[in-house]
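Trainee: For reference, this is coords_2.txt, and it has compact mmCIF, C-alpha atoms.
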```txt
# COMPACT_ATOMS: atom_id res chain seq x y z
CA MET A 1 25.92 11.70 -37.30
CA SER A 2 24.61 12.94 -33.97
CA LYS A 3 21.19 14.00 -35.19
CA PRO A 4 19.80 10.60 -36.29
CA ARG A 5 21.17 9.03 -33.10
CA ILE A 6 19.22 11.46 -30.92
CA LYS A 7 16.17 10.83 -33.04
CA THR A 8 16.31 7.07 -32.53
CA TYR A 9 16.85 7.58 -28.80
CA ASP A 10 13.77 9.79 -28.54
CA ARG A 11 11.70 7.48 -30.72
CA ILE A 12 12.55 4.54 -28.48
CA VAL A 13 11.38 6.48 -25.43
CA GLU A 14 8.20 7.78 -27.08
CA GLU A 15 7.13 4.50 -28.64
CA SER A 16 7.94 2.53 -25.50
CA LEU A 17 5.60 4.84 -23.62
CA VAL A 18 2.85 4.09 -26.17
CA LEU A 19 3.41 0.32 -25.90
CA PHE A 20 3.61 0.34 -22.08
CA ASN A 21 0.41 2.36 -21.79
CA GLU A 22 -1.41 0.07 -24.16
CA HIS A 23 -0.20 -3.34 -23.00
CA GLY A 24 1.34 -2.76 -19.56
CA GLU A 25 5.07 -2.53 -18.99
CA ARG A 26 5.42 -6.14 -17.82
CA SER A 27 4.30 -7.70 -21.07
CA ILE A 28 6.53 -5.54 -23.32
CA THR A 29 10.15 -6.61 -23.88
CA THR A 30 13.00 -4.71 -25.57
CA ASN A 31 12.45 -7.07 -28.54
CA HIS A 32 8.84 -5.90 -28.84
CA ILE A 33 10.00 -2.30 -28.76
CA ALA A 34 12.67 -2.86 -31.42
CA ALA A 35 10.21 -4.74 -33.67
CA HIS A 36 7.61 -2.02 -33.23
CA LEU A 37 10.15 0.62 -34.30
CA GLY A 38 11.51 -1.50 -37.13
CA ILE A 39 15.05 -1.39 -35.72
CA SER A 40 17.34 -4.23 -34.69
CA PRO A 41 17.64 -5.22 -31.01
CA GLY A 42 21.33 -4.33 -31.37
CA ASN A 43 20.43 -0.78 -32.35
CA LEU A 44 18.15 -0.50 -29.33
CA TYR A 45 20.91 -1.81 -27.03
CA TYR A 46 23.23 0.81 -28.46
CA HIS A 47 21.01 3.41 -26.79
CA PHE A 48 19.70 1.56 -23.71
CA ARG A 49 21.26 -1.27 -21.76
CA ASN A 50 17.87 -2.67 -20.75
CA LYS A 51 14.16 -1.92 -20.42
CA GLU A 52 14.64 -0.43 -16.96
CA GLU A 53 16.72 2.37 -18.47
CA ILE A 54 13.91 3.18 -20.88
CA VAL A 55 11.39 3.21 -18.03
CA HIS A 56 13.69 5.46 -16.05
CA GLN A 57 13.97 7.85 -19.00
CA ILE A 58 10.17 7.97 -19.26
CA PHE A 59 10.03 8.78 -15.55
CA GLN A 60 12.34 11.76 -16.21
CA LEU A 61 9.85 13.02 -18.80
CA TYR A 62 7.04 12.64 -16.28
CA ARG A 63 9.02 14.47 -13.63
CA ARG A 64 9.84 17.34 -15.99
CA PHE A 65 6.21 17.52 -17.12
CA ILE A 66 5.02 17.81 -13.51
CA THR A 67 7.62 20.29 -12.28
CA GLU A 68 7.35 22.58 -15.32
CA ARG A 69 3.60 22.51 -15.70
CA LEU A 70 2.65 22.54 -12.01
CA ALA A 71 5.13 25.14 -10.74
CA VAL A 72 3.70 28.06 -8.77
CA PRO A 73 4.11 31.04 -11.17
CA GLN A 74 7.02 33.32 -10.23
CA HIS A 75 6.17 36.60 -11.93
CA ARG A 76 2.42 36.93 -11.49
CA SER A 77 -0.10 35.99 -8.83
CA MET A 78 -2.20 32.87 -9.14
CA GLU A 79 -5.79 32.94 -10.35
CA VAL A 80 -8.86 30.75 -10.29
CA THR A 81 -7.99 29.36 -13.69
CA ASP A 82 -4.68 28.13 -12.27
CA LEU A 83 -6.48 25.77 -9.91
CA VAL A 84 -8.44 24.46 -12.87
CA ASN A 85 -5.32 24.07 -14.98
CA TYR A 86 -3.35 22.38 -12.25
CA LEU A 87 -5.96 19.73 -11.65
CA GLU A 88 -6.33 19.05 -15.33
CA THR A 89 -2.57 18.96 -15.77
CA ALA A 90 -2.20 16.50 -12.88
CA PHE A 91 -4.67 14.15 -14.54
CA GLU A 92 -3.17 14.72 -17.95
CA ALA A 93 0.16 13.59 -16.47
CA MET A 94 -1.49 10.49 -15.00
CA TRP A 95 -3.12 9.75 -18.35
CA ARG A 96 0.03 10.27 -20.45
CA PHE A 97 2.17 8.15 -18.16
CA ARG A 98 -0.56 5.85 -16.97
CA PHE A 99 1.41 2.57 -17.26
CA MET A 100 3.58 3.76 -14.34
CA PHE A 101 0.54 3.89 -12.06
CA TYR A 102 -1.07 0.56 -12.90
CA ASP A 103 1.33 -1.12 -10.51
CA LEU A 104 3.76 1.43 -9.14
CA PRO A 105 5.01 -0.74 -6.22
CA GLY A 106 5.83 -3.60 -8.60
CA LEU A 107 7.48 -1.29 -11.12
CA MET A 108 9.71 0.22 -8.46
CA ALA A 109 10.61 -3.15 -6.97
CA ARG A 110 12.03 -4.15 -10.37
CA ASN A 111 13.87 -0.85 -10.88
CA PRO A 112 15.94 0.37 -7.91
CA GLN A 113 17.16 3.54 -9.66
CA LEU A 114 13.57 4.51 -10.42
CA GLN A 115 12.66 3.82 -6.81
CA THR A 116 15.38 6.12 -5.46
CA ASP A 117 14.59 8.96 -7.86
CA TYR A 118 10.85 8.62 -7.38
CA GLN A 119 11.20 8.87 -3.58
CA GLN A 120 13.34 11.93 -3.90
CA PHE A 121 10.89 13.52 -6.33
CA VAL A 122 7.88 12.87 -4.10
CA HIS A 123 9.52 13.93 -0.85
CA SER A 124 11.37 17.02 -1.97
CA GLU A 125 9.58 18.38 -5.00
CA LEU A 126 6.02 17.17 -5.18
CA THR A 127 5.04 17.80 -1.57
CA ASP A 128 6.36 21.36 -1.82
CA ILE A 129 4.49 21.97 -5.08
CA LEU A 130 1.17 20.71 -3.70
CA GLU A 131 1.40 22.51 -0.38
CA GLY A 132 2.61 25.68 -2.10
CA HIS A 133 -0.51 25.66 -4.24
CA PHE A 134 -2.74 25.28 -1.23
CA ARG A 135 -1.15 28.21 0.55
CA GLU A 136 -1.62 30.33 -2.59
CA PHE A 137 -5.26 29.33 -3.03
CA ILE A 138 -5.94 30.11 0.63
CA ARG A 139 -4.18 33.47 0.33
CA LEU A 140 -6.26 34.28 -2.76
CA GLY A 141 -9.46 33.48 -0.84
CA LEU A 142 -10.45 30.56 -3.09
CA LEU A 143 -10.17 28.00 -0.32
CA ARG A 144 -10.76 28.39 3.40
CA MET A 145 -8.97 25.88 5.60
CA SER A 146 -6.65 25.80 8.59
CA LEU A 147 -2.96 25.51 7.77
CA ASP A 148 -2.91 22.24 9.73
CA ASP A 149 -5.30 20.75 7.20
CA ILE A 150 -3.04 21.40 4.23
CA ALA A 151 -0.74 18.42 4.73
CA PRO A 152 -3.40 15.70 5.24
CA VAL A 153 -5.61 17.06 2.44
CA SER A 154 -2.58 17.22 0.10
CA VAL A 155 -1.78 13.60 0.88
CA ASN A 156 -5.36 12.55 0.15
CA ILE A 157 -5.34 14.43 -3.16
CA TRP A 158 -2.04 12.90 -4.14
CA LEU A 159 -3.27 9.44 -3.18
CA VAL A 160 -6.51 9.76 -5.18
CA VAL A 161 -4.66 11.09 -8.25
CA LYS A 162 -1.97 8.45 -8.03
CA PHE A 163 -4.23 5.45 -7.56
CA TRP A 164 -7.26 6.56 -9.53
CA PHE A 165 -6.52 4.45 -12.59
CA ALA A 166 -5.61 1.42 -10.47
CA PHE A 167 -8.86 1.92 -8.55
CA GLU A 168 -10.88 2.09 -11.77
CA GLN A 169 -9.04 -0.94 -13.09
CA THR A 170 -9.98 -3.05 -10.07
CA ALA A 171 -13.54 -1.69 -10.04
CA ARG A 172 -14.13 -2.25 -13.79
CA PRO A 173 -11.45 -4.70 -14.96
CA LYS A 174 -13.10 -5.44 -18.29
CA ALA A 175 -13.38 -1.78 -19.28
CA PRO A 176 -10.26 -0.14 -20.74
CA ILE A 177 -8.93 3.00 -19.03
CA THR A 178 -10.27 5.92 -21.06
CA GLU A 179 -10.34 9.68 -20.81
CA ALA A 180 -13.77 9.37 -19.18
CA SER A 181 -11.93 7.66 -16.35
CA GLY A 182 -9.75 10.78 -16.09
CA HIS A 183 -12.89 12.92 -15.83
CA ARG A 184 -14.21 10.76 -13.00
CA GLY A 185 -10.82 11.16 -11.30
CA VAL A 186 -10.96 14.95 -11.53
CA ARG A 187 -14.45 14.85 -10.00
CA GLN A 188 -13.14 12.79 -7.08
CA VAL A 189 -10.40 15.33 -6.42
CA LEU A 190 -12.92 18.16 -6.67
CA ALA A 191 -15.02 16.33 -4.06
CA LEU A 192 -11.98 16.48 -1.74
CA LEU A 193 -11.70 20.25 -2.22
CA LYS A 194 -15.40 21.08 -2.16
CA PRO A 195 -15.79 21.53 1.63
CA TYR A 196 -13.08 24.20 1.56
CA VAL A 197 -14.35 26.26 -1.38
CA THR A 198 -15.30 29.83 -0.42
CA PRO A 199 -18.63 31.31 -1.62
CA GLU A 200 -16.78 33.67 -4.00
CA PHE A 201 -15.09 30.74 -5.69
CA LEU A 202 -18.20 28.54 -5.87
CA PRO A 203 -19.40 29.60 -9.37
CA ALA A 204 -15.98 28.91 -10.92
CA PHE A 205 -15.83 25.67 -8.97
CA HIS A 206 -19.19 24.50 -10.35
CA ALA A 207 -18.07 25.41 -13.87
CA LEU A 208 -14.99 23.26 -13.30
CA GLN A 209 -17.14 20.33 -12.16
CA GLU A 210 -19.23 20.65 -15.29
CA ARG A 211 -16.16 20.39 -17.49
CA HIS A 212 -15.68 16.92 -16.07
CA PRO A 213 -19.06 15.27 -16.48
CA ALA A 214 -19.99 12.14 -14.52
CA SER A 215 -20.40 9.14 -16.80
CA MET B 1 -11.43 -38.74 9.96
CA SER B 2 -13.13 -35.49 9.03
CA LYS B 3 -11.83 -33.42 11.92
CA PRO B 4 -8.09 -33.50 11.15
CA ARG B 5 -8.84 -32.87 7.49
CA ILE B 6 -10.71 -29.67 8.30
CA LYS B 7 -7.90 -28.69 10.59
CA THR B 8 -5.26 -29.04 7.88
CA TYR B 9 -7.44 -27.08 5.45
CA ASP B 10 -7.80 -24.21 7.91
CA ARG B 11 -4.12 -24.29 8.84
CA ILE B 12 -3.16 -24.00 5.16
CA VAL B 13 -5.36 -20.93 4.80
CA GLU B 14 -4.16 -19.30 8.02
CA GLU B 15 -0.47 -19.92 7.53
CA SER B 16 -0.62 -18.91 3.86
CA LEU B 17 -2.06 -15.60 4.98
CA VAL B 18 0.87 -15.16 7.38
CA LEU B 19 3.42 -15.99 4.66
CA PHE B 20 1.75 -13.81 2.03
CA ASN B 21 1.59 -10.84 4.40
CA GLU B 22 5.22 -11.24 5.34
CA HIS B 23 6.81 -11.97 1.97
CA GLY B 24 4.21 -10.95 -0.63
CA GLU B 25 2.01 -13.46 -2.43
CA ARG B 26 4.15 -13.56 -5.57
CA SER B 27 7.25 -14.93 -3.88
CA ILE B 28 5.44 -17.69 -1.96
CA THR B 29 4.76 -21.01 -3.73
CA THR B 30 2.62 -23.95 -2.63
CA ASN B 31 5.91 -25.71 -1.85
CA HIS B 32 6.86 -22.94 0.56
CA ILE B 33 3.49 -23.24 2.23
CA ALA B 34 3.74 -27.03 2.57
CA ALA B 35 7.29 -26.79 3.93
CA HIS B 36 6.25 -24.09 6.40
CA LEU B 37 3.43 -26.31 7.68
CA GLY B 38 5.59 -29.45 7.73
CA ILE B 39 3.23 -31.30 5.38
CA SER B 40 3.91 -32.87 1.99
CA PRO B 41 3.03 -30.98 -1.22
CA GLY B 42 0.70 -33.91 -1.98
CA ASN B 43 -1.21 -33.30 1.25
CA LEU B 44 -1.58 -29.61 0.33
CA TYR B 45 -2.84 -30.54 -3.15
CA TYR B 46 -5.38 -32.83 -1.56
CA HIS B 47 -7.04 -29.68 -0.17
CA PHE B 48 -6.22 -27.06 -2.82
CA ARG B 49 -5.57 -27.50 -6.52
CA ASN B 50 -3.28 -24.45 -6.64
CA LYS B 51 -2.24 -21.27 -4.87
CA GLU B 52 -5.05 -19.28 -6.48
CA GLU B 53 -7.59 -21.42 -4.61
CA ILE B 54 -5.88 -20.59 -1.33
CA VAL B 55 -5.87 -16.88 -2.18
CA HIS B 56 -9.53 -17.10 -3.08
CA GLN B 57 -10.32 -18.78 0.24
CA ILE B 58 -8.47 -15.98 2.07
CA PHE B 59 -10.56 -13.46 0.13
CA GLN B 60 -13.71 -15.22 1.44
CA LEU B 61 -12.42 -14.69 4.99
CA TYR B 62 -11.82 -11.02 4.22
CA ARG B 63 -15.29 -10.65 2.75
CA ARG B 64 -16.91 -12.31 5.75
CA PHE B 65 -14.87 -10.16 8.12
CA ILE B 66 -16.03 -6.97 6.37
CA THR B 67 -19.70 -7.86 5.99
CA GLU B 68 -20.08 -9.17 9.54
CA ARG B 69 -18.08 -6.50 11.32
CA LEU B 70 -19.17 -3.50 9.24
CA ALA B 71 -22.89 -4.25 8.96
CA VAL B 72 -25.29 -1.49 10.05
CA PRO B 73 -26.81 -2.81 13.29
CA GLN B 74 -30.35 -4.16 12.88
CA HIS B 75 -31.80 -4.03 16.37
CA ARG B 76 -30.44 -0.80 17.82
CA SER B 77 -29.61 2.64 16.49
CA MET B 78 -26.05 3.58 15.66
CA GLU B 79 -23.90 5.64 18.00
CA VAL B 80 -20.72 7.72 17.88
CA THR B 81 -18.68 4.73 18.97
CA ASP B 82 -19.91 2.87 15.87
CA LEU B 83 -18.19 5.36 13.59
CA VAL B 84 -15.01 4.87 15.58
CA ASN B 85 -15.34 1.08 15.49
CA TYR B 86 -16.09 0.99 11.78
CA LEU B 87 -13.03 2.98 10.83
CA GLU B 88 -10.81 0.90 13.05
CA THR B 89 -12.35 -2.30 11.73
CA ALA B 90 -11.80 -1.19 8.13
CA PHE B 91 -8.12 -0.65 8.82
CA GLU B 92 -7.89 -3.82 10.86
CA ALA B 93 -9.20 -5.67 7.78
CA MET B 94 -6.61 -3.95 5.59
CA TRP B 95 -3.90 -4.86 8.06
CA ARG B 96 -4.93 -8.51 8.50
CA PHE B 97 -5.25 -9.09 4.77
CA ARG B 98 -2.64 -6.59 3.69
CA PHE B 99 -0.92 -8.77 1.07
CA MET B 100 -4.08 -8.50 -1.07
CA PHE B 101 -3.67 -4.72 -1.26
CA TYR B 102 0.02 -4.50 -2.08
CA ASP B 103 -0.81 -5.14 -5.71
CA LEU B 104 -4.52 -5.79 -6.09
CA PRO B 105 -4.64 -5.28 -9.90
CA GLY B 106 -1.83 -7.82 -10.39
CA LEU B 107 -3.36 -10.30 -7.96
CA MET B 108 -6.70 -10.15 -9.74
CA ALA B 109 -5.13 -10.44 -13.20
CA ARG B 110 -3.62 -13.77 -12.09
CA ASN B 111 -6.85 -15.02 -10.50
CA PRO B 112 -10.03 -14.60 -12.60
CA GLN B 113 -12.33 -16.17 -10.00
CA LEU B 114 -11.07 -13.69 -7.40
CA GLN B 115 -11.58 -10.87 -9.87
CA THR B 116 -15.23 -11.81 -10.48
CA ASP B 117 -16.05 -12.23 -6.82
CA TYR B 118 -14.20 -9.09 -5.79
CA GLN B 119 -16.13 -7.00 -8.32
CA GLN B 120 -19.40 -8.39 -7.13
CA PHE B 121 -18.46 -7.76 -3.51
CA VAL B 122 -17.44 -4.14 -4.15
CA HIS B 123 -20.39 -3.24 -6.37
CA SER B 124 -23.20 -4.89 -4.49
CA GLU B 125 -22.15 -5.17 -0.88
CA LEU B 126 -19.45 -2.70 -0.02
CA THR B 127 -20.96 0.38 -1.66
CA ASP B 128 -24.25 -0.28 0.14
CA ILE B 129 -22.49 -0.73 3.47
CA LEU B 130 -20.49 2.51 3.15
CA GLU B 131 -23.36 4.64 1.92
CA GLY B 132 -25.70 3.13 4.52
CA HIS B 133 -23.30 4.22 7.24
CA PHE B 134 -23.17 7.75 5.92
CA ARG B 135 -26.95 8.04 5.87
CA GLU B 136 -27.06 6.80 9.46
CA PHE B 137 -24.36 9.21 10.65
CA ILE B 138 -26.15 12.10 8.95
CA ARG B 139 -29.46 11.05 10.51
CA LEU B 140 -27.81 10.89 13.94
CA GLY B 141 -26.47 14.42 13.48
CA LEU B 142 -22.80 13.37 13.61
CA LEU B 143 -22.09 14.46 10.06
CA ARG B 144 -23.64 17.26 8.03
CA MET B 145 -23.47 16.86 4.28
CA SER B 146 -25.76 16.88 1.27
CA LEU B 147 -26.97 13.47 0.12
CA ASP B 148 -25.27 14.14 -3.23
CA ASP B 149 -21.92 14.20 -1.47
CA ILE B 150 -22.28 10.73 -0.01
CA ALA B 151 -21.28 8.79 -3.13
CA PRO B 152 -18.11 10.76 -4.04
CA VAL B 153 -16.95 10.96 -0.40
CA SER B 154 -17.56 7.21 0.01
CA VAL B 155 -15.46 6.51 -3.08
CA ASN B 156 -12.63 8.67 -1.74
CA ILE B 157 -12.72 6.91 1.62
CA TRP B 158 -12.72 3.52 -0.03
CA LEU B 159 -9.83 4.54 -2.28
CA VAL B 160 -7.72 5.87 0.59
CA VAL B 161 -8.36 2.75 2.71
CA LYS B 162 -7.69 0.39 -0.18
CA PHE B 163 -4.47 1.98 -1.40
CA TRP B 164 -3.08 3.29 1.87
CA PHE B 165 -0.54 0.51 2.33
CA ALA B 166 0.50 0.66 -1.34
CA PHE B 167 0.89 4.43 -0.97
CA GLU B 168 3.05 4.03 2.12
CA GLN B 169 5.06 1.32 0.40
CA THR B 170 5.90 3.59 -2.53
CA ALA B 171 6.56 6.56 -0.23
CA ARG B 172 8.81 4.61 2.18
CA PRO B 173 9.90 1.46 0.33
CA LYS B 174 12.64 0.56 2.80
CA ALA B 175 10.35 0.74 5.83
CA PRO B 176 8.19 -2.33 6.54
CA ILE B 177 4.42 -1.82 6.76
CA THR B 178 3.63 -1.57 10.47
CA GLU B 179 0.65 -0.79 12.64
CA ALA B 180 1.87 2.82 12.77
CA SER B 181 1.14 2.86 9.07
CA GLY B 182 -2.43 1.82 9.89
CA HIS B 183 -2.70 4.73 12.35
CA ARG B 184 -1.56 7.17 9.67
CA GLY B 185 -4.18 5.67 7.36
CA VAL B 186 -6.97 6.19 9.89
CA ARG B 187 -5.85 9.83 10.24
CA GLN B 188 -6.08 10.30 6.49
CA VAL B 189 -9.64 8.96 6.46
CA LEU B 190 -10.53 11.19 9.41
CA ALA B 191 -9.17 14.14 7.39
CA LEU B 192 -11.71 13.23 4.68
CA LEU B 193 -14.56 13.29 7.19
CA LYS B 194 -13.45 16.32 9.20
CA PRO B 195 -15.18 19.03 7.09
CA TYR B 196 -18.53 17.28 7.66
CA VAL B 197 -18.29 16.77 11.43
CA THR B 198 -20.99 18.64 13.38
CA PRO B 199 -20.04 20.71 16.46
CA GLU B 200 -21.79 18.16 18.76
CA PHE B 201 -19.62 15.38 17.39
CA LEU B 202 -16.36 17.34 17.44
CA PRO B 203 -15.16 16.27 20.93
CA ALA B 204 -15.64 12.57 20.14
CA PHE B 205 -13.99 13.16 16.78
CA HIS B 206 -10.91 14.73 18.38
CA ALA B 207 -10.70 11.84 20.84
CA LEU B 208 -10.73 9.49 17.85
CA GLN B 209 -7.91 11.40 16.19
CA GLU B 210 -5.87 11.15 19.36
CA ARG B 211 -6.23 7.38 19.40
CA HIS B 212 -4.35 7.37 16.11
CA PRO B 213 -1.27 9.47 16.76
CA ALA B 214 0.81 10.92 13.92
CA SER B 215 4.25 9.37 13.79
```
Translate the structure described by the file into structure tokens.

Mentor:
Amino acid sequence: MSKPRIKTYDRIVEESLVLFNEHGERSITTNHIAAHLGISPGNLYYHFRNKEEIVHQIFQLYRRFITERLAVPQHRSMEVTDLVNYLETAFEAMWRFRFMFYDLPGLMARNPQLQTDYQQFVHSELTDILEGHFREFIRLGLLRMSLDDIAPVSVNIWLVVKFWFAFEQTARPKAPITEASGHRGVRQVLALLKPYVTPEFLPAFHALQERHPAS
Amino acid sequence: MSKPRIKTYDRIVEESLVLFNEHGERSITTNHIAAHLGISPGNLYYHFRNKEEIVHQIFQLYRRFITERLAVPQHRSMEVTDLVNYLETAFEAMWRFRFMFYDLPGLMARNPQLQTDYQQFVHSELTDILEGHFREFIRLGLLRMSLDDIAPVSVNIWLVVKFWFAFEQTARPKAPITEASGHRGVRQVLALLKPYVTPEFLPAFHALQERHPAS
């Protein structure tokens, strides 16, 4: 009996993510989710007390995605391709979980548990991850910057990543958010890093820019 | 008869701005505004058909504030103090009209006229203003950067300014937005400019940083 239950649970989370990304979390109710899955509202409530619990579960996926995929490698040293992968992974995370970032303040105001966990995630885990990467890239000679610059530049990167889709949405409200928007976001983050790129790293950096064409 | 009418109109706009900034626009109704002003709802509706018209009028004030205070001067050349003033004015605008930036996508979704005018303002006026300033600062030898960098750096500055308060709100949801938050925002924008500052401009730049202490 336990296997189908787990399956329904996971399907609710996955399909809710699809619906939230497509229509925004505000306009999707638990009834929409149940209808979309072809299950009864009662079945959905067997797994989740309310929509906030589903949103919170999606946040856990996001958190795991970030911490696993963006961790500084333990058993090898970092390489140029890591910088590339990290940036692309950061934007992939934003794209996959984009409904969370359309209106993060509003979402958190309606979901106190999410708010608490999100704070904790940002303060303890994310800041360490970002600043750890910078120190590695400086040590590897890919970036040249004073250690005092790491914190403010990390904050700016985080802010641009986090609000990129909201920025695009207010700048082009009629256009849907697409992967091209993600490419433009990567280019904006690369523009933040560009002044710190060392000459040795410049060819790889240009190649990275070209993988994210302006549109 | 026309003088008191104008006065009530202006008072509605001014006091709505105060209420929106303090409590958020979503939780303030036209009835709250009328009660706060000690006027009847009917008197308020004589001037404004609905709350969206008041919000739109506040946006016009914001737009005028930006275009008048951030214009490139016509009859004299720009100076170091202009860069300082512009940054402080940009954050003063964000601070004065901060309710608009708590949840700009949501605000615009509820107010199509605002959305149209905001787009037009950003695309035609604001981009020109920002890029015009960069060209001036480069010409004056305060900043050194390639002309190709102007557009992406301008976008990053605009994004950091626009979402700074939302970023702080999600990072410290229990803390109210204060002027110290504005100082931190100015420092983040200065961090974006720092790699481009010329040695001649560095002393003035450091003085500017010190006017916006970290807290």

Trainee: What residues in chain B lie within 10 Å of chain A, counting all atoms listed in the file, written as a PyMOL selection string?

Mentor: chain B and resi 102-106+108-109+115-116+118-120+122-123+145+149+151-153+155-160+162-164+166-173+184+187-196

Trainee: One decimal, Å: what's the distance from atom CA of A:Leu140 over to atom CA of A:Thr81, could you say?

Mentor: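 Taking atom CA of A:Leu140 and atom CA of A:Thr81, their separation equals 12.1 Å.
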
Trainee: Using all atoms listed in the file for the distances, tell me which of B:Asn43, B:Asn85, B:Asn50, B:Ser77 is nearest to B:Ile28.

Mentor: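 Nearest candidate to B:Ile28 out of B:Asn43, B:Asn85, B:Asn50, B:Ser77: B:Asn50.
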
Trainee: For B:Leu208, which of B:Glu179, B:Glu88, B:Asp148, B:Glu136 is the closest residue, counting all atoms listed in the file?

Mentor: B:Glu88

Trainee: Would you mind telling me which residue in A:Val197, A:Arg63, A:Ile12, A:His56 lies nearest to A:Gly38 when using all atoms listed in the file?

Mentor: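 Closest to A:Gly38, using all atoms listed in the file: A:Ile12.
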
Trainee: From the options A:Arg26, A:Arg49, A:Arg69, A:Arg76, which residue's atoms come nearest to A:Arg110, counting all atoms listed in the file?

Mentor: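 When distances to A:Arg110 are compared using all atoms listed in the file, the smallest one comes from A:Arg26.
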
Trainee: So that I can check the surroundings of A:Glu210, please list as a ChimeraX atom specification every protein, DNA and RNA residue that reaches within 12 Å of it, counting all atoms listed in the file and ignoring chain neighbours fewer than 3 positions away.

Mentor: /A:84,183-184,186-187,190,203-207,213-215

Trainee: Take stretch 159-171 of chain A, bring it up to N, CA, C and O atoms, and give me the output as a PDB file, in the frame of the given file.

Mentor:
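Now in rebuild_33.pdb:
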```pdb
ATOM      1  N   LEU A 159      -2.934  10.863  -3.172  1.00  0.00           N
ATOM      2  CA  LEU A 159      -3.270   9.440  -3.180  1.00  0.00           C
ATOM      3  C   LEU A 159      -4.391   9.149  -4.194  1.00  0.00           C
ATOM      4  O   LEU A 159      -4.326   8.161  -4.937  1.00  0.00           O
ATOM      5  N   VAL A 160      -5.402   9.990  -4.236  1.00  0.00           N
ATOM      6  CA  VAL A 160      -6.510   9.760  -5.180  1.00  0.00           C
ATOM      7  C   VAL A 160      -6.009   9.893  -6.620  1.00  0.00           C
ATOM      8  O   VAL A 160      -6.320   9.056  -7.469  1.00  0.00           O
ATOM      9  N   VAL A 161      -5.187  10.923  -6.887  1.00  0.00           N
ATOM     10  CA  VAL A 161      -4.660  11.090  -8.250  1.00  0.00           C
ATOM     11  C   VAL A 161      -3.827   9.868  -8.633  1.00  0.00           C
ATOM     12  O   VAL A 161      -4.009   9.269  -9.688  1.00  0.00           O
ATOM     13  N   LYS A 162      -2.935   9.504  -7.728  1.00  0.00           N
ATOM     14  CA  LYS A 162      -1.970   8.450  -8.030  1.00  0.00           C
ATOM     15  C   LYS A 162      -2.605   7.084  -8.252  1.00  0.00           C
ATOM     16  O   LYS A 162      -2.149   6.306  -9.072  1.00  0.00           O
ATOM     17  N   PHE A 163      -3.651   6.778  -7.477  1.00  0.00           N
ATOM     18  CA  PHE A 163      -4.230   5.450  -7.560  1.00  0.00           C
ATOM     19  C   PHE A 163      -5.559   5.413  -8.295  1.00  0.00           C
ATOM     20  O   PHE A 163      -6.217   4.388  -8.317  1.00  0.00           O
ATOM     21  N   TRP A 164      -5.948   6.542  -8.894  1.00  0.00           N
ATOM     22  CA  TRP A 164      -7.260   6.560  -9.530  1.00  0.00           C
ATOM     23  C   TRP A 164      -7.386   5.507 -10.625  1.00  0.00           C
ATOM     24  O   TRP A 164      -8.360   4.752 -10.672  1.00  0.00           O
ATOM     25  N   PHE A 165      -6.396   5.422 -11.489  1.00  0.00           N
ATOM     26  CA  PHE A 165      -6.520   4.450 -12.590  1.00  0.00           C
ATOM     27  C   PHE A 165      -6.461   3.014 -12.073  1.00  0.00           C
ATOM     28  O   PHE A 165      -7.161   2.139 -12.594  1.00  0.00           O
ATOM     29  N   ALA A 166      -5.651   2.775 -11.054  1.00  0.00           N
ATOM     30  CA  ALA A 166      -5.610   1.420 -10.470  1.00  0.00           C
ATOM     31  C   ALA A 166      -6.957   1.103  -9.817  1.00  0.00           C
ATOM     32  O   ALA A 166      -7.467  -0.018  -9.921  1.00  0.00           O
ATOM     33  N   PHE A 167      -7.553   2.098  -9.177  1.00  0.00           N
ATOM     34  CA  PHE A 167      -8.860   1.920  -8.550  1.00  0.00           C
ATOM     35  C   PHE A 167      -9.923   1.588  -9.599  1.00  0.00           C
ATOM     36  O   PHE A 167     -10.715   0.656  -9.449  1.00  0.00           O
ATOM     37  N   GLU A 168      -9.904   2.341 -10.698  1.00  0.00           N
ATOM     38  CA  GLU A 168     -10.880   2.090 -11.770  1.00  0.00           C
ATOM     39  C   GLU A 168     -10.639   0.712 -12.386  1.00  0.00           C
ATOM     40  O   GLU A 168     -11.582   0.019 -12.754  1.00  0.00           O
ATOM     41  N   GLN A 169      -9.362   0.353 -12.484  1.00  0.00           N
ATOM     42  CA  GLN A 169      -9.040  -0.940 -13.090  1.00  0.00           C
ATOM     43  C   GLN A 169      -9.565  -2.092 -12.241  1.00  0.00           C
ATOM     44  O   GLN A 169     -10.044  -3.085 -12.772  1.00  0.00           O
ATOM     45  N   THR A 170      -9.468  -1.959 -10.907  1.00  0.00           N
ATOM     46  CA  THR A 170      -9.980  -3.050 -10.070  1.00  0.00           C
ATOM     47  C   THR A 170     -11.495  -3.000  -9.975  1.00  0.00           C
ATOM     48  O   THR A 170     -12.137  -4.019  -9.801  1.00  0.00           O
ATOM     49  N   ALA A 171     -12.084  -1.802 -10.127  1.00  0.00           N
ATOM     50  CA  ALA A 171     -13.540  -1.690 -10.040  1.00  0.00           C
ATOM     51  C   ALA A 171     -14.217  -2.123 -11.349  1.00  0.00           C
ATOM     52  O   ALA A 171     -15.318  -2.664 -11.335  1.00  0.00           O
TER      53      ALA A 171
END
```
